[in-house]
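Beneath this line is the structure, given in C-alpha cells, with notes to follow.
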Amino acid sequence: MYICTYFEDVMYKKKISYLLHSLTSFILMLIVVRLLNIFIGNLLDSYLTSQIAFLVSSFVAVLAYKIMPRDITPDDTEEIPDPVPPMAKRDPLNCLVCVVIAFCAMMGLMYIVYTFLGDSNSSAYPLSPLYVLSLVVVHPVVEEYLFRHLYYEELRLLTPVFAVVAQATMFALDHDAVGSMFTALFCGIVLALLVEATGRWYLAVIAHSLVNLRTLIYTTLLAEDTFVRTAADLTLYAIGIAALAALVVIRSKEKKKKADSAAAEKTT
C-alpha cells in the first residue's frame, strides 16, 4: 500500500512538472511577442513586425523548452514508467486518409466560425513570395513543431484528452482576433487528433499547409469567383466523407486481423 501511494505521488509530481515545463515555454513566447510588438511596431510595417515577432518568440519558446529541466522530481524515481502508452505509428495509407479527413474537418470548422463571427480570413497583406512562403511553409512548420510536437507530446503524458484541449487552447491564445482564436482552437484540436491517430507530428504540418494554401487561393485567385469556390469545397467535402468511410473500413480490417492473430496464438 505504501509503495503504491508513493508511486502515485511521484507520478502526480511528474505530471505537474511536465505541465509547468510546457506552460513556461508558452508564456515566454507570449511575453516576447508583446514586447517585440511594442518596441519594433513603430519602426517597421505591420507585416514585417508580425513575422519577426512570430519567429523570434517561437525560437525563444523552443529554446526555453529545450533548456529547462523537464522533470524536477528526484533522480531515483526516473525508472517509474509513464502511465500513458506511446502513440501508435500508422502505415502510409492510414496516414494519407487521416490527413484528408483532418483537412476537410478544418475546412468545415472554419466555415462555421466565419459564418457566425465574420470572414476574418481575407488576405490582410499584399500578395508576395515572402507572404506565400510564410503562410504555406514557415508558419505551419514552426507552429506544428511547437504545439503539436513539443507541447502536445509532453502534455499527453498527463492524459491525451487533456493534451488535445490544452495545446489547442494555447494555440488559440497565440492568435489575436476573436475569429482567428476560435479557428485556431478548433483546428488545434483536429491537428492534435491527427497526430494521435497517426503517431506522426509532421502530418499536421501537411494538413496545416493545405488549409493555408486553400485560404490563400480563395482570398486571391478565386476571391471573386464564388461558384468555383463552392464547387471546389463540395468536391473536397465529398472526398473527406469518402476518406472517413475508407478509414472505418481500414480500421475494422486491422481489428479483425489482430483478433484473428490473437485467436491463432491461443490455439497454438
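Note on naming: chains are A, B, ... as they come in the C-alpha cells, residues start from 1 per chain, ligands start from 1 in the order shown.
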
Set out as JSON lines a contact list for stretch 108-153 of chain A and stretch 23-29 of chain A with a cut-off of 10 Å, giving each residue of stretch 108-153 of chain A that qualifies its closest atom pair and distance in Å to one decimal, counting only C-alpha atoms, ordered by chain and rising residue number.
{"residue": "A:Leu146", "atom": "CA", "partner": "A:Phe26", "partner_atom": "CA", "distance": 9.2}
{"residue": "A:Phe147", "atom": "CA", "partner": "A:Phe26", "partner_atom": "CA", "distance": 9.2}
{"residue": "A:Tyr151", "atom": "CA", "partner": "A:Leu23", "partner_atom": "CA", "distance": 8.5}

Q: Write out as an MDAnalysis selection string each polymer residue whose atoms come within 8 Å of A:Cys95, counting only C-alpha atoms; drop sequence neighbours fewer than 4 positions from it.
A: chainID A and resid 90:91 99 198 203

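Shortest separation to A:Ile72 among A:Val10, A:Val56, A:Leu155, A:Ala177 occurs at residue A:Val10, atoms counted being only C-alpha atoms.
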
Q.
Write out as a PyMOL selection string the set of residues from stretch 29-119 of chain A that DSSP, computed on the backbone, places in helix (DSSP H, G or I).
A. chain A and resi 29-40+46-67+75-77+92-117

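The smallest atom-to-atom distance between A:Tyr65 and any of A:Ser46, A:Ser209, A:Asn37, A:Ser22, using only C-alpha atoms, is found for A:Ser22.
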
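For the set A:Leu185, A:Ala197, A:Tyr18, A:His149, the residue with the smallest atom-to-atom gap to A:Arg251 is A:Ala197, counting only C-alpha atoms.
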
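The residue that comes closest to A:Ala184, out of A:Val132, A:Met107, A:Leu55, A:Ala64 and on the basis of only C-alpha atoms, is A:Met107.
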
Q.
Give me the residues near stretch 229-242 of chain A as a ChimeraX atom specification, where near means some atom within 8 Å (using only C-alpha atoms) and where sequence neighbours in that chain fewer than 5 positions away do not count.
A. /A:100-101,103-105,218,222

**Q.** Selected residue of minimal separation from A:Ser180 among A:Ala223, A:Leu193, A:Ala243, A:Leu109, counting only C-alpha atoms
**A.** A:Leu109

Q | Spatial neighbours of A:Val161, max dist 12 Å, only C-alpha atoms, sep filter under 5 positions, as a PyMOL selection string | A | chain A and resi 84+152-153+155-156+166-168+189+192-193+196

Resulting file, chosen residues, C-alpha atoms, as a tab-separated table (two decimals), in the first residue's frame:
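Final file, out.tsv:
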chain	number	residue	atom	x	y	z
A	84	VAL	CA	0.17	6.74	-20.98
A	152	TYR	CA	1.22	18.04	-27.28
A	153	GLU	CA	3.60	15.12	-26.86
A	155	LEU	CA	1.16	17.27	-22.16
A	156	ARG	CA	-0.05	13.92	-23.47
A	166	ALA	CA	-4.71	22.24	-23.59
A	167	GLN	CA	-2.45	22.65	-26.61
A	168	ALA	CA	-5.41	23.80	-28.73
A	189	ILE	CA	-7.99	20.04	-31.71
A	192	ALA	CA	-3.76	17.04	-32.35
A	193	LEU	CA	-6.22	14.24	-33.12
A	196	GLU	CA	-2.70	10.99	-32.10

Q | Gap from atom CA of A:Leu247 to atom CA of A:Val97 - Å, one decimal | A | 6.5 Å

Q: Using only C-alpha atoms, find the one residue out of A:Arg200, A:Lys253, A:His139, A:Lys258 that sits nearest to A:Gln51.
A: A:His139
